[in-house]
file upload_23.txt (compact mmCIF, C-alpha atoms)
# COMPACT_ATOMS: atom_id res chain seq x y z
CA MET W 695 0.00 0.00 0.00
CA LYS W 696 1.13 3.52 -0.79
CA TYR W 697 1.25 5.68 2.34
CA ASN W 698 0.82 9.37 1.68
CA TRP W 699 3.58 10.83 3.84
CA GLY W 700 3.76 13.87 1.59
CA LYS W 701 0.51 15.32 2.87
CA THR W 702 -0.06 19.07 2.90
CA THR W 703 1.74 21.10 5.55
CA SER W 704 -1.14 23.50 6.06
CA VAL W 705 -2.34 21.66 9.15
CA MET W 706 1.15 21.68 10.55
CA LEU W 707 1.63 25.38 9.93
CA ALA W 708 -1.62 26.12 11.73
CA SER W 709 -0.36 24.04 14.62
CA VAL W 710 2.88 26.00 14.64
CA MET W 711 0.93 29.21 15.10
CA LEU W 712 -0.98 27.65 17.98
CA ALA W 713 2.22 26.37 19.51
CA GLY W 714 3.78 29.80 19.40
CA ALA W 715 1.39 30.86 22.10
CA LEU W 716 2.49 27.92 24.20
CA THR W 717 6.21 28.52 23.89
CA ALA W 718 6.46 30.84 26.85
CA CYS W 719 4.96 28.28 29.21
CA GLY W 720 6.43 25.16 27.56
CA SER W 721 9.52 23.39 28.75
CA SER W 722 12.59 24.96 27.22
CA GLY W 723 14.57 21.77 27.32
CA ASP W 724 18.33 21.54 27.46
CA LYS W 725 19.89 22.53 24.18
CA GLY W 726 23.33 21.79 25.52
CA GLN W 727 26.21 21.10 23.17
CA THR W 728 26.14 19.14 19.95
CA GLY W 729 25.34 15.57 20.82
CA GLY W 730 23.45 16.46 24.01
CA THR W 731 24.18 15.07 27.44
CA LYS W 732 24.70 11.51 28.54
CA THR W 733 21.86 10.55 30.81
CA GLY W 734 22.60 6.86 31.35
CA SER W 735 24.25 5.44 34.41
CA GLY W 736 27.54 4.96 32.57
CA ALA W 737 28.37 1.94 34.73
CA ASP W 738 28.91 -0.25 31.66
CA LYS W 739 31.24 1.27 29.08
CA ASP W 740 29.51 -0.80 26.38
CA LYS W 741 26.17 0.63 27.45
CA PRO W 742 26.88 4.28 28.24
CA TYR W 743 23.19 5.22 28.00
CA ALA W 744 21.78 2.29 29.99
CA GLY W 745 18.80 3.38 32.04
CA THR W 746 17.85 6.16 29.62
CA GLU W 747 14.31 6.26 28.23
CA ILE W 748 13.74 7.97 24.92
CA ARG W 749 10.41 8.96 23.41
CA PHE W 750 9.79 8.32 19.71
CA VAL W 751 6.80 9.83 17.89
CA MET W 752 5.92 8.59 14.41
CA ALA W 753 3.02 8.15 12.02
CA VAL W 754 1.42 4.71 11.70
CA HIS W 755 3.27 2.74 9.01
CA PRO W 756 4.38 -0.84 8.22
CA TRP W 757 8.02 0.17 8.77
CA LEU W 758 7.15 1.05 12.36
CA ASP W 759 5.32 -2.24 12.78
CA THR W 760 8.50 -4.10 11.84
CA ILE W 761 10.74 -1.96 14.06
CA LYS W 762 8.49 -2.56 17.06
CA THR W 763 9.12 -6.30 16.81
CA MET W 764 12.86 -5.61 16.88
CA LEU W 765 12.93 -3.15 19.80
CA PRO W 766 13.73 -5.78 22.48
CA GLU W 767 16.96 -6.45 20.60
CA PHE W 768 17.95 -2.78 20.72
CA GLU W 769 16.93 -2.33 24.34
CA GLN W 770 18.88 -5.38 25.46
CA LYS W 771 21.95 -4.33 23.49
CA THR W 772 22.02 -0.72 24.71
CA GLY W 773 20.03 -0.60 27.92
CA ILE W 774 18.00 2.24 26.37
CA LYS W 775 14.23 2.02 26.75
CA VAL W 776 12.21 3.21 23.75
CA LYS W 777 8.73 4.58 24.30
CA VAL W 778 6.88 4.61 20.97
CA GLU W 779 3.87 6.79 20.24
CA SER W 780 2.16 6.44 16.87
CA PHE W 781 -0.76 8.34 15.39
CA SER W 782 -2.29 9.09 12.01
CA GLN W 783 -0.17 11.31 9.77
CA GLU W 784 -2.29 14.39 10.46
CA GLN W 785 -2.23 13.80 14.21
CA THR W 786 1.52 13.20 14.10
CA SER W 787 2.13 16.43 12.21
CA ASN W 788 0.00 18.39 14.64
CA LYS W 789 1.65 16.87 17.69
CA LEU W 790 5.19 17.39 16.46
CA ALA W 791 4.52 20.98 15.41
CA VAL W 792 3.10 21.88 18.82
CA GLU W 793 5.80 20.13 20.85
CA LEU W 794 8.72 21.37 18.77
CA ALA W 795 7.47 24.95 18.70
CA ALA W 796 7.08 24.74 22.49
CA LYS W 797 10.63 23.31 22.77
CA THR W 798 9.39 20.30 24.70
CA SER W 799 12.37 18.45 26.14
CA SER W 800 10.60 15.09 26.47
CA LEU W 801 10.52 14.50 22.71
CA ASP W 802 13.65 12.70 21.53
CA VAL W 803 13.21 10.94 18.17
CA LEU W 804 10.68 12.04 15.61
CA PHE W 805 9.38 11.16 12.19
CA LEU W 806 10.29 13.67 9.49
CA ARG W 807 8.65 14.00 6.07
CA PRO W 808 11.74 15.22 4.18
CA LEU W 809 9.94 16.40 1.06
CA ASP W 810 7.60 18.67 3.01
CA GLU W 811 9.37 19.48 6.27
CA THR W 812 13.15 19.62 5.74
CA LYS W 813 13.20 23.38 5.18
CA LEU W 814 10.51 24.10 7.80
CA PHE W 815 12.21 22.10 10.54
CA SER W 816 15.66 23.42 9.66
CA LYS W 817 14.67 27.07 9.51
CA ASN W 818 12.83 26.76 12.83
CA GLY W 819 15.83 25.12 14.49
CA TRP W 820 13.74 22.14 15.57
CA VAL W 821 16.13 19.29 14.76
CA GLU W 822 19.67 18.37 15.67
CA PRO W 823 22.12 18.01 12.75
CA LEU W 824 23.11 14.36 12.59
CA ASP W 825 26.42 14.71 10.77
CA PRO W 826 28.53 14.57 13.99
CA PHE W 827 26.86 11.30 14.98
CA VAL W 828 27.15 9.42 11.68
CA THR W 829 30.08 10.71 9.64
CA SER W 830 32.76 9.56 12.07
CA ASP W 831 31.23 6.10 12.58
CA SER W 832 32.88 3.85 9.96
CA ALA W 833 30.80 0.84 11.00
CA TYR W 834 27.59 2.78 10.35
CA ASP W 835 28.87 3.75 6.88
CA VAL W 836 26.71 6.74 5.95
CA LYS W 837 28.19 6.65 2.44
CA ASP W 838 26.27 3.43 1.88
CA PHE W 839 23.04 5.44 1.65
CA ILE W 840 21.74 6.36 -1.78
CA GLN W 841 22.88 9.96 -2.11
CA SER W 842 19.60 11.36 -3.43
CA SER W 843 17.80 9.96 -0.38
CA LEU W 844 20.19 11.85 1.89
CA ASP W 845 19.68 14.95 -0.23
CA SER W 846 15.97 14.82 0.61
CA SER W 847 16.70 15.49 4.28
CA THR W 848 19.71 17.76 3.93
CA TYR W 849 19.35 21.52 4.22
CA ASP W 850 22.03 24.19 4.08
CA GLY W 851 24.66 21.46 4.05
CA LYS W 852 23.40 19.78 7.22
CA LEU W 853 21.90 16.31 7.44
CA ILE W 854 18.82 16.53 9.65
CA GLY W 855 17.22 13.15 9.02
CA ILE W 856 18.18 9.59 8.16
CA PRO W 857 15.93 8.11 5.44
CA ILE W 858 13.91 5.02 6.30
CA THR W 859 11.97 4.54 3.07
CA THR W 860 12.42 5.47 -0.58
CA GLU W 861 10.57 5.55 -3.87
CA ARG W 862 11.42 6.27 -7.49
CA GLU W 863 9.51 7.23 -10.63
CA VAL W 864 9.46 4.36 -13.10
CA LEU W 865 7.71 3.28 -16.29
CA TYR W 866 5.20 0.44 -16.10
CA TYR W 867 4.32 -1.11 -19.45
CA ARG W 868 2.36 -3.96 -21.00
CA LYS W 869 4.91 -6.43 -22.30
CA ASP W 870 2.38 -8.26 -24.46
CA LEU W 871 1.13 -5.12 -26.21
CA LEU W 872 4.59 -3.82 -27.00
CA GLU W 873 5.63 -7.20 -28.34
CA LYS W 874 2.46 -7.65 -30.41
CA ASN W 875 2.90 -4.24 -32.01
CA ASN W 876 6.67 -4.59 -32.44
CA ILE W 877 7.31 -1.57 -30.22
CA PRO W 878 10.58 -1.41 -28.25
CA VAL W 879 10.43 -0.39 -24.60
CA PRO W 880 10.50 3.43 -24.71
CA LYS W 881 13.80 4.91 -23.63
CA THR W 882 13.11 8.52 -24.53
CA MET W 883 10.19 10.92 -24.21
CA ASP W 884 9.76 10.90 -27.99
CA GLU W 885 9.59 7.10 -28.01
CA LEU W 886 7.12 7.13 -25.12
CA MET W 887 4.78 9.47 -26.98
CA LYS W 888 5.02 7.48 -30.22
CA ALA W 889 4.28 4.25 -28.36
CA ALA W 890 1.32 5.83 -26.56
CA GLU W 891 -0.05 7.12 -29.85
CA LYS W 892 0.26 3.76 -31.55
CA LEU W 893 -1.31 1.82 -28.67
CA ASN W 894 -4.10 4.31 -28.04
CA ASP W 895 -7.39 2.71 -29.12
CA PRO W 896 -10.31 4.40 -27.33
CA LYS W 897 -12.95 2.63 -29.45
CA ASN W 898 -11.83 -0.66 -27.93
CA GLY W 899 -11.34 0.69 -24.42
CA MET W 900 -7.54 0.86 -24.60
CA TYR W 901 -5.59 4.02 -23.82
CA GLY W 902 -1.97 4.71 -24.53
CA PHE W 903 -0.85 6.38 -21.32
CA ALA W 904 -1.86 7.08 -17.74
CA ALA W 905 -0.36 9.16 -14.94
CA ARG W 906 -1.66 11.38 -12.19
CA GLY W 907 -3.72 14.29 -13.45
CA LYS W 908 -5.50 15.35 -10.28
CA LYS W 909 -4.67 18.84 -9.09
CA VAL W 910 -1.84 19.09 -6.53
CA VAL W 911 -1.05 15.36 -6.33
CA ALA W 912 0.13 15.29 -9.96
CA VAL W 913 2.94 17.76 -9.25
CA THR W 914 5.25 15.13 -7.80
CA GLN W 915 4.89 12.85 -10.83
CA PHE W 916 5.27 15.80 -13.18
CA SER W 917 8.64 16.52 -11.54
CA GLY W 918 10.41 13.75 -13.44
CA PHE W 919 9.17 15.17 -16.73
CA LEU W 920 10.15 18.69 -15.67
CA TYR W 921 13.68 17.62 -14.70
CA SER W 922 14.10 15.50 -17.84
CA PHE W 923 13.23 18.49 -20.01
CA GLY W 924 15.90 20.48 -18.16
CA GLY W 925 13.52 22.49 -15.99
CA LYS W 926 13.19 23.18 -12.28
CA PHE W 927 10.43 24.39 -9.99
CA HIS W 928 12.76 27.09 -8.76
CA ASP W 929 16.44 27.96 -8.84
CA GLY W 930 17.27 29.03 -5.31
CA ASP W 931 14.95 31.93 -4.55
CA LYS W 932 13.90 32.41 -8.17
CA ALA W 933 10.76 30.74 -9.53
CA THR W 934 11.35 29.05 -12.90
CA LEU W 935 7.90 27.96 -14.02
CA ASN W 936 7.87 29.96 -17.26
CA THR W 937 11.27 28.96 -18.65
CA PRO W 938 11.34 27.31 -22.09
CA GLU W 939 12.23 24.01 -20.41
CA ALA W 940 9.31 24.16 -17.98
CA MET W 941 6.90 25.19 -20.72
CA ALA W 942 8.02 22.24 -22.85
CA ALA W 943 7.44 19.90 -19.91
CA PHE W 944 3.95 21.31 -19.25
CA LYS W 945 3.06 20.82 -22.90
CA TYR W 946 4.42 17.28 -23.08
CA TYR W 947 2.71 16.09 -19.89
CA GLY W 948 -0.51 17.76 -20.92
CA ASP W 949 -0.45 16.30 -24.41
CA MET W 950 0.21 12.78 -23.12
CA LEU W 951 -2.82 12.79 -20.84
CA ASN W 952 -5.07 14.87 -23.10
CA LYS W 953 -4.47 12.84 -26.26
CA TYR W 954 -3.74 9.36 -24.96
CA GLY W 955 -5.08 9.27 -21.40
CA PRO W 956 -8.28 7.59 -20.17
CA PRO W 957 -11.48 9.61 -19.75
CA GLY W 958 -11.29 11.71 -16.60
CA ALA W 959 -7.49 11.76 -16.59
CA ILE W 960 -7.61 15.29 -15.17
CA ASN W 961 -9.10 13.87 -11.95
CA MET W 962 -6.90 10.80 -11.56
CA HIS W 963 -4.87 10.20 -8.41
CA TRP W 964 -2.38 7.32 -8.42
CA THR W 965 -5.10 4.94 -7.27
CA GLU W 966 -7.30 5.56 -10.30
CA ALA W 967 -4.39 5.58 -12.76
CA ALA W 968 -2.95 2.34 -11.34
CA ALA W 969 -6.40 0.73 -11.36
CA ALA W 970 -6.91 1.60 -15.04
CA PHE W 971 -3.58 -0.02 -15.85
CA ALA W 972 -4.32 -3.04 -13.64
CA GLN W 973 -7.69 -3.53 -15.35
CA GLY W 974 -6.03 -3.80 -18.75
CA LYS W 975 -7.22 -0.43 -20.02
CA VAL W 976 -3.83 1.33 -20.25
CA ALA W 977 -0.63 0.38 -22.08
CA LEU W 978 1.93 2.71 -20.43
CA PHE W 979 1.93 4.18 -16.94
CA THR W 980 4.42 6.27 -14.96
CA ASP W 981 4.39 6.57 -11.17
CA ALA W 982 6.31 5.50 -8.05
CA ASP W 983 7.82 2.03 -7.80
CA ALA W 984 6.34 1.85 -4.30
CA ILE W 985 2.91 1.10 -5.74
CA TYR W 986 4.02 -1.82 -7.91
CA LEU W 987 1.92 -4.38 -6.04
CA ASN W 988 -1.20 -2.60 -7.25
CA VAL W 989 -0.39 -3.79 -10.77
CA ALA W 990 1.70 -6.88 -10.02
CA ASP W 991 -0.51 -8.61 -7.42
CA PRO W 992 -2.84 -11.11 -9.18
CA THR W 993 -5.55 -10.37 -6.63
CA LYS W 994 -5.56 -6.71 -7.73
CA SER W 995 -4.52 -6.89 -11.36
CA THR W 996 -5.88 -8.70 -14.39
CA VAL W 997 -2.58 -8.14 -16.21
CA SER W 998 -0.19 -9.06 -13.40
CA ASP W 999 1.68 -11.54 -15.60
CA LYS W 1000 2.05 -9.02 -18.42
CA VAL W 1001 3.59 -6.09 -16.52
CA GLY W 1002 7.04 -4.85 -17.41
CA TYR W 1003 9.17 -2.28 -15.56
CA ALA W 1004 11.57 0.15 -17.19
CA MET W 1005 13.68 3.20 -16.47
CA PHE W 1006 11.98 6.56 -16.66
CA PRO W 1007 12.39 7.78 -20.27
CA ALA W 1008 15.00 10.41 -21.10
CA GLY W 1009 14.10 13.90 -22.19
CA PRO W 1010 16.34 16.59 -23.69
CA ALA W 1011 18.24 16.74 -20.37
CA GLY W 1012 18.43 12.94 -20.02
CA ALA W 1013 16.48 10.66 -17.70
CA ARG W 1014 15.90 12.56 -14.45
CA PRO W 1015 13.31 10.71 -12.37
CA TYR W 1016 12.82 11.56 -8.74
CA ASN W 1017 14.47 9.17 -6.30
CA VAL W 1018 13.34 10.38 -2.92
CA SER W 1019 12.97 9.56 0.72
CA SER W 1020 9.40 10.10 1.88
CA GLY W 1021 10.19 9.34 5.52
CA ALA W 1022 13.17 9.87 7.82
CA LEU W 1023 14.15 9.79 11.48
CA ALA W 1024 15.35 12.94 13.23
CA VAL W 1025 16.47 13.97 16.70
CA SER W 1026 14.77 16.87 18.44
CA LYS W 1027 16.96 19.90 19.08
CA PHE W 1028 15.40 20.16 22.53
CA SER W 1029 15.90 16.56 23.63
CA LYS W 1030 17.77 15.96 26.88
CA ASN W 1031 18.90 12.62 25.48
CA LYS W 1032 20.41 13.50 22.11
CA GLU W 1033 23.18 10.91 22.18
CA ALA W 1034 20.87 8.08 23.22
CA ALA W 1035 18.35 9.24 20.60
CA ALA W 1036 21.06 9.24 17.94
CA GLU W 1037 22.04 5.70 18.96
CA PHE W 1038 18.48 4.59 18.30
CA VAL W 1039 18.37 6.34 14.93
CA LYS W 1040 21.65 4.72 13.92
CA TRP W 1041 20.48 1.28 15.01
CA ALA W 1042 17.14 1.65 13.21
CA THR W 1043 18.95 2.56 9.99
CA ASN W 1044 22.07 0.40 10.14
CA LYS W 1045 22.74 -2.22 7.46
CA GLU W 1046 21.44 -5.17 9.45
CA THR W 1047 18.22 -3.47 10.51
CA VAL W 1048 17.51 -2.09 7.03
CA LEU W 1049 17.97 -5.56 5.58
CA LYS W 1050 15.29 -6.84 7.94
CA THR W 1051 12.85 -3.97 7.37
CA GLN W 1052 13.31 -4.09 3.62
CA SER W 1053 12.88 -7.85 3.54
CA ALA W 1054 9.58 -7.20 5.33
CA GLY W 1055 8.45 -5.03 2.42
CA ASN W 1056 9.68 -1.53 3.31
CA PRO W 1057 12.01 -0.15 0.58
CA GLY W 1058 15.03 1.33 2.32
CA ALA W 1059 17.80 3.72 1.35
CA ARG W 1060 20.97 1.63 1.66
CA GLN W 1061 22.56 0.57 -1.61
CA SER W 1062 24.24 -2.48 -0.06
CA VAL W 1063 20.83 -3.76 0.99
CA TRP W 1064 19.39 -3.27 -2.49
CA ASN W 1065 22.39 -5.22 -3.80
CA ASN W 1066 21.56 -8.09 -1.43
CA PRO W 1067 19.22 -10.62 -3.12
CA GLU W 1068 17.77 -11.49 0.29
CA SER W 1069 16.15 -8.04 0.54
CA THR W 1070 14.56 -8.15 -2.91
CA LYS W 1071 13.44 -11.75 -3.28
CA SER W 1072 9.79 -10.71 -3.23
CA TYR W 1073 10.31 -8.03 -5.93
CA PRO W 1074 10.13 -8.62 -9.70
CA ALA W 1075 13.71 -9.01 -10.93
CA ASP W 1076 13.37 -6.38 -13.67
CA LEU W 1077 11.97 -3.88 -11.17
CA VAL W 1078 14.98 -4.38 -8.87
CA LYS W 1079 17.26 -3.68 -11.81
CA VAL W 1080 15.36 -0.48 -12.60
CA ILE W 1081 15.47 0.61 -8.96
CA ASN W 1082 19.23 0.15 -8.75
CA GLU W 1083 19.83 1.99 -11.99
CA SER W 1084 17.46 4.80 -11.02
CA SER W 1085 19.33 5.26 -7.74
CA LYS W 1086 22.38 6.34 -9.73
CA ILE W 1087 20.64 9.15 -11.60
CA GLY W 1088 17.62 10.11 -9.48
CA VAL W 1089 16.84 13.59 -8.19
CA GLY W 1090 16.37 13.87 -4.43
CA VAL W 1091 13.25 16.07 -4.49
CA ASP W 1092 9.91 15.74 -6.26
CA ARG W 1093 8.30 19.04 -5.26
CA PRO W 1094 9.27 22.66 -4.54
CA GLN W 1095 11.64 23.10 -1.61
CA VAL W 1096 9.71 25.79 0.21
CA ILE W 1097 7.94 25.90 3.56
CA GLY W 1098 4.50 26.32 2.01
CA VAL W 1099 4.72 23.15 -0.06
CA ALA W 1100 0.96 22.69 -0.30
CA GLU W 1101 0.42 26.24 -1.54
CA ALA W 1102 3.25 25.89 -4.06
CA ARG W 1103 1.84 22.65 -5.44
CA ASP W 1104 -1.56 24.27 -5.80
CA ILE W 1105 -0.01 27.12 -7.79
CA ILE W 1106 1.94 24.78 -10.08
CA SER W 1107 -1.19 22.70 -10.71
CA ALA W 1108 -2.84 25.50 -12.70
CA PRO W 1109 -0.74 25.33 -15.90
CA MET W 1110 -0.58 21.53 -15.58
CA SER W 1111 -4.37 21.27 -15.48
CA ALA W 1112 -4.76 23.68 -18.38
CA ALA W 1113 -2.34 21.62 -20.48
CA ILE W 1114 -4.08 18.34 -19.60
CA GLU W 1115 -7.42 19.85 -20.62
CA GLY W 1116 -5.94 20.88 -23.95
CA LYS W 1117 -6.22 24.59 -23.20
CA ASP W 1118 -3.67 27.33 -23.81
CA PHE W 1119 -1.56 26.99 -20.67
CA THR W 1120 0.80 29.90 -21.42
CA ALA W 1121 -1.16 32.48 -19.44
CA ALA W 1122 -1.62 30.01 -16.58
CA ALA W 1123 2.14 29.37 -16.50
CA GLU W 1124 2.90 33.10 -16.39
CA LYS W 1125 0.44 33.58 -13.53
CA ALA W 1126 1.89 30.55 -11.72
CA GLN W 1127 5.36 32.03 -12.12
CA LYS W 1128 4.22 35.32 -10.60
CA ASP W 1129 2.31 33.68 -7.75
CA PHE W 1130 5.09 31.23 -6.91
CA GLN W 1131 7.68 34.01 -6.88
CA ALA W 1132 5.45 35.97 -4.53
CA LEU W 1133 5.28 32.95 -2.21
CA ILE W 1134 9.06 32.55 -2.25
CA ASP W 1135 9.56 36.27 -1.58
CA LYS W 1136 7.05 36.21 1.27
CA GLU W 1137 8.78 33.28 2.94
CA LYS W 1138 12.18 34.89 2.50
CA ALA W 1139 10.98 38.16 4.03
CA SER W 1140 9.59 36.36 7.08
CA GLN W 1141 12.83 34.54 7.86
call {"tool": "encode", "arguments": {"input": "upload_23.txt", "output": "structure tokens"}}
result
Amino acid sequence: MKYNWGKTTSVMLASVMLAGALTACGSSGDKGQTGGTKTGSGADKDKPYAGTEIRFVMAVHPWLDTIKTMLPEFEQKTGIKVKVESFSQEQTSNKLAVELAAKTSSLDVLFLRPLDETKLFSKNGWVEPLDPFVTSDSAYDVKDFIQSSLDSSTYDGKLIGIPITTEREVLYYRKDLLEKNNIPVPKTMDELMKAAEKLNDPKNGMYGFAARGKKVVAVTQFSGFLYSFGGKFHDGDKATLNTPEAMAAFKYYGDMLNKYGPPGAINMHWTEAAAAFAQGKVALFTDADAIYLNVADPTKSTVSDKVGYAMFPAGPAGARPYNVSSGALAVSKFSKNKEAAAEFVKWATNKETVLKTQSAGNPGARQSVWNNPESTKSYPADLVKVINESSKIGVGVDRPQVIGVAEARDIISAPMSAAIEGKDFTAAAEKAQKDFQALIDKEKASQ
């Protein structure tokens, strides 16, 4: 199942405003020095934090379910007690925003949504940089992580979260249809469009291409097309939605869904697009690899034995799919137990633990684990190959890197929607450029 960890930050921002009023009466915590203070008994040099209890707050997720079964191992090894609190994503976001804004010292480890919260948490000074804890630990081997996944939770040169799950944009295709029509697996955007055109047969209920078209949620999937055409959402503090590269990407994405997409493509989330492919109504489909079971599981798909997986096609700037971390672990800046908290984060993301969590179905961020057949035995072999290749070229973000991510995605949706509907999107792109720049300028002025 696809878990939407990239949910809008509007609820969180409202919570931050509420929490501001609580800051004066909240616990200030002990900022201390980098790495925090040792709170264990220290009687056993191999367990310097024995007797320490740390509090971990995270959204409900299968990764957490697996980690919970492994906690006794960590607690026995370190003497650190882990108190886990899990809530829905919205409740988690609210709770973290309130506690961090109030500088609550009882929060130690927290769940971070890198794609939405890296800049927000960094600018607010809510999280402890993890570089001192991981870069000097050769056994931990931080260089083993896929670089783009680390990029997702790095801001201003500081690593604030360790990725626990990843996903990439890939091409799903019908092997039988391509073979029957003597069409090679598309490797470029031009080839993808030609294949979609040839396989598009609306009279017989077959459509050439599907992808997300629904406002806001389509922005992340559009990112791979934008990057591959050489565009960006923004270049630093400058919006770049009306550049020739961005305009070409808007047109291409719009044409693909307008000309070759199923009816109602403009309203499709990943669930509807994947379902259309799984029901044998679509020949080509781009989305995250994390949802592959929706088209590969025979209980969900009528074409499960006919699905192929390929690299995201190359545009004028090459193949530039997103390869992101949608969830990471961070240490609160206000924790009294920073070192013990960091020990937990390192254990939960070390090679051995990631092998176990990934084998349980949670795609991790360590390349050595992806190279281990034990971790991928339940995956289609051609999908594993695509994942490993994508990790070498992927971009670490799939949406604008601003604090108001939800607002930015809403702005960017306007020219996308116009293009998908076959309308002149030029004016919409110019307005989006102006509105997005205003958002960037507003955030910059408030910092």
call {"tool": "residues_around", "arguments": {"input": "upload_23.txt", "residues": "Asp981 of chain W", "least_positions_apart": "4", "cutoff": "12 Å", "atoms": "only C-alpha atoms", "output": "PyMOL selection string"}}
result
chain W and resi 696+861-867+903-907+911-919+963-968+971+985-986+988-989+1003-1006+1015-1017+1092
call {"tool": "atom_distance", "arguments": {"input": "upload_23.txt", "atom1": "atom CA of Glu822 of chain W", "atom2": "atom CA of Ser1029 of chain W"}}
result
9.0 Å
call {"tool": "closest_residue", "arguments": {"input": "upload_23.txt", "among": "W:Gly1021, W:Pro938, W:Gly819, W:Pro880", "to": "Phe805 of chain W", "atoms": "only C-alpha atoms"}}
result
W:Gly1021
call {"tool": "atom_distance", "arguments": {"input": "upload_23.txt", "atom1": "atom CA of Ala1059 of chain W", "atom2": "atom CA of Val1080 of chain W"}}
result
14.8 Å
call {"tool": "closest_residue", "arguments": {"input": "upload_23.txt", "among": "W:Ser816, W:Gln1061, W:Thr763, W:Thr993", "to": "Val1025 of chain W", "atoms": "all atoms listed in the file"}}
result
W:Ser816
call {"tool": "atom_distance", "arguments": {"input": "upload_23.txt", "atom1": "atom CA of Ser922 of chain W", "atom2": "atom CA of Glu939 of chain W"}}
result
9.1 Å
call {"tool": "closest_residue", "arguments": {"input": "upload_23.txt", "among": "W:Gln1095, W:Phe827, W:Phe750, W:Leu814", "to": "Glu1033 of chain W", "atoms": "all atoms listed in the file"}}
result
W:Phe827
call {"tool": "residues_near_point", "arguments": {"input": "upload_23.txt", "point": "(10.6, -4.7, 4.9)", "cutoff": "12 Å", "atoms": "all atoms listed in the file", "output": "PDB file with C-alpha atoms, in the frame of the given file"}}
result
ATOM      1  CA  HIS W 755       3.270   2.740   9.010  1.00  0.00           C
ATOM      2  CA  PRO W 756       4.380  -0.840   8.220  1.00  0.00           C
ATOM      3  CA  TRP W 757       8.020   0.170   8.770  1.00  0.00           C
ATOM      4  CA  LEU W 758       7.150   1.050  12.360  1.00  0.00           C
ATOM      5  CA  ASP W 759       5.320  -2.240  12.780  1.00  0.00           C
ATOM      6  CA  THR W 760       8.500  -4.100  11.840  1.00  0.00           C
ATOM      7  CA  ILE W 761      10.740  -1.960  14.060  1.00  0.00           C
ATOM      8  CA  ILE W 858      13.910   5.020   6.300  1.00  0.00           C
ATOM      9  CA  THR W 859      11.970   4.540   3.070  1.00  0.00           C
ATOM     10  CA  THR W 860      12.420   5.470  -0.580  1.00  0.00           C
ATOM     11  CA  GLU W1046      21.440  -5.170   9.450  1.00  0.00           C
ATOM     12  CA  THR W1047      18.220  -3.470  10.510  1.00  0.00           C
ATOM     13  CA  VAL W1048      17.510  -2.090   7.030  1.00  0.00           C
ATOM     14  CA  LEU W1049      17.970  -5.560   5.580  1.00  0.00           C
ATOM     15  CA  LYS W1050      15.290  -6.840   7.940  1.00  0.00           C
ATOM     16  CA  THR W1051      12.850  -3.970   7.370  1.00  0.00           C
ATOM     17  CA  GLN W1052      13.310  -4.090   3.620  1.00  0.00           C
ATOM     18  CA  SER W1053      12.880  -7.850   3.540  1.00  0.00           C
ATOM     19  CA  ALA W1054       9.580  -7.200   5.330  1.00  0.00           C
ATOM     20  CA  GLY W1055       8.450  -5.030   2.420  1.00  0.00           C
ATOM     21  CA  ASN W1056       9.680  -1.530   3.310  1.00  0.00           C
ATOM     22  CA  PRO W1057      12.010  -0.150   0.580  1.00  0.00           C
ATOM     23  CA  GLY W1058      15.030   1.330   2.320  1.00  0.00           C
ATOM     24  CA  ALA W1059      17.800   3.720   1.350  1.00  0.00           C
ATOM     25  CA  VAL W1063      20.830  -3.760   0.990  1.00  0.00           C
ATOM     26  CA  TRP W1064      19.390  -3.270  -2.490  1.00  0.00           C
ATOM     27  CA  GLU W1068      17.770 -11.490   0.290  1.00  0.00           C
ATOM     28  CA  SER W1069      16.150  -8.040   0.540  1.00  0.00           C
ATOM     29  CA  THR W1070      14.560  -8.150  -2.910  1.00  0.00           C
ATOM     30  CA  LYS W1071      13.440 -11.750  -3.280  1.00  0.00           C
ATOM     31  CA  SER W1072       9.790 -10.710  -3.230  1.00  0.00           C
ATOM     32  CA  TYR W1073      10.310  -8.030  -5.930  1.00  0.00           C
TER      33      TYR W1073
END
call {"tool": "closest_residue", "arguments": {"input": "upload_23.txt", "among": "W:Leu987, W:Ala1121, W:Ile840, W:Ala933", "to": "Asp999 of chain W", "atoms": "all atoms listed in the file"}}
result
W:Leu987
call {"tool": "residues_around", "arguments": {"input": "upload_23.txt", "residues": "Glu1115 of chain W", "least_positions_apart": "2", "cutoff": "12 Å", "atoms": "only C-alpha atoms", "output": "tab-separated table (two decimals) with C-alpha atoms, in the coordinates of the input"}}
result
chain	number	residue	atom	x	y	z
W	907	GLY	CA	-3.72	14.29	-13.45
W	908	LYS	CA	-5.50	15.35	-10.28
W	909	LYS	CA	-4.67	18.84	-9.09
W	944	PHE	CA	3.95	21.31	-19.25
W	945	LYS	CA	3.06	20.82	-22.90
W	947	TYR	CA	2.71	16.09	-19.89
W	948	GLY	CA	-0.51	17.76	-20.92
W	949	ASP	CA	-0.45	16.30	-24.41
W	950	MET	CA	0.21	12.78	-23.12
W	951	LEU	CA	-2.82	12.79	-20.84
W	952	ASN	CA	-5.07	14.87	-23.10
W	953	LYS	CA	-4.47	12.84	-26.26
W	954	TYR	CA	-3.74	9.36	-24.96
W	955	GLY	CA	-5.08	9.27	-21.40
W	957	PRO	CA	-11.48	9.61	-19.75
W	958	GLY	CA	-11.29	11.71	-16.60
W	959	ALA	CA	-7.49	11.76	-16.59
W	960	ILE	CA	-7.61	15.29	-15.17
W	961	ASN	CA	-9.10	13.87	-11.95
W	1108	ALA	CA	-2.84	25.50	-12.70
W	1109	PRO	CA	-0.74	25.33	-15.90
W	1110	MET	CA	-0.58	21.53	-15.58
W	1111	SER	CA	-4.37	21.27	-15.48
W	1112	ALA	CA	-4.76	23.68	-18.38
W	1113	ALA	CA	-2.34	21.62	-20.48
W	1117	LYS	CA	-6.22	24.59	-23.20
W	1118	ASP	CA	-3.67	27.33	-23.81
W	1119	PHE	CA	-1.56	26.99	-20.67
